[in-house]
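J.: Would you mind keeping the following structure in view while I ask a few things?
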Amino acid sequence: MPTLTNLIYYRVDDKIYELTVTNAAGAPVNITDAKLWFTVKTAKTDADAAALVRKRSLNAGGADAQAKVTNGPGGVARFYVKPADTAAIPEGTYYHDFQLRLDVSDLVKTAVYGAYIIVGDITETIV
């Protein structure tokens, strides 16, 4: 069952989201060859192509700089949000989810979902 987690993100900050996938007993799920997705949308019904932020692993059409498995047997993956990803997004509340597809089962699993709250920067000039 997916976990409801609301995230607060400060616009134009670097952010690494680390996700650990576990089974019902709390043991790690091996995600070594899993395809990964992190998506932020204005509305849940928006097409993926219209997403405000879209991060995918290399084997899902993205790049290692977007999302990657960092400890497959331990069920750990990382998703990377860069300042340019959010610079044009207004402050507000959006929707997000983290999904994965395990190659062994070919099943898609939504691991985490919820509100994605973007807060504007106070300090805008960093030298």
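Residue numbering restarts at 1 in every chain; chains get A, B, ... in the order shown in the structure tokens, and ligands count up from 1 in that same order.
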Env of Arg101 (chain A): 10 Å cut, atoms = only C-alpha atoms, seq-sep filter 2 positions within chain, self excluded. Answer as a VMD selection string.

T.: chain A and resid 31 33 to 37 60 99 103 to 110

J.: Do a neighbour search on Thr32 (chain A) at 8 Å with only C-alpha atoms, toss out local chain neighbours closer than 4 positions, and write the hits as a list in words.

T.: Val69, Asn71, Gly72, Pro73 and Gly75 of chain A

J.: Only C-alpha atoms, please: the residues just picked out, written as an mmCIF file, in the first residue's frame.

T.:
```cif
data_model
loop_
_atom_site.group_PDB
_atom_site.id
_atom_site.type_symbol
_atom_site.label_atom_id
_atom_site.label_comp_id
_atom_site.auth_asym_id
_atom_site.auth_seq_id
_atom_site.Cartn_x
_atom_site.Cartn_y
_atom_site.Cartn_z
ATOM 1 C CA VAL A 69 18.902 2.836 -7.652
ATOM 2 C CA ASN A 71 21.377 0.083 -3.186
ATOM 3 C CA GLY A 72 19.335 -2.460 -5.136
ATOM 4 C CA PRO A 73 19.289 -5.307 -2.596
ATOM 5 C CA GLY A 75 15.620 -1.289 -1.790
#
```

J.: May I ask which of the residues A:Ile16, A:Val81, A:Ile89, A:Ala43 is the closest one to Lys55 (chain A), counting only C-alpha atoms?

T.: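 Going through A:Ile16, A:Val81, A:Ile89, A:Ala43 one by one, the smallest distance to Lys55 (chain A) is for A:Val81.
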
J.: Which residue, A:Glu18, A:Gly26, A:Thr86, A:Asp97, has the smallest gap to Ala111 (chain A) when you use only C-alpha atoms?

T.: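 Ranking A:Glu18, A:Gly26, A:Thr86, A:Asp97 by distance to Ala111 (chain A), first place goes to A:Asp97.
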
J.: Can you pull out every residue within 10 Å of Tyr95 (chain A), counting only C-alpha atoms, but drop anything in the same chain fewer than 3 positions away, and send it as an MDAnalysis selection string?

T.: chainID A and resid 6:7 39:44 51:52 113:117
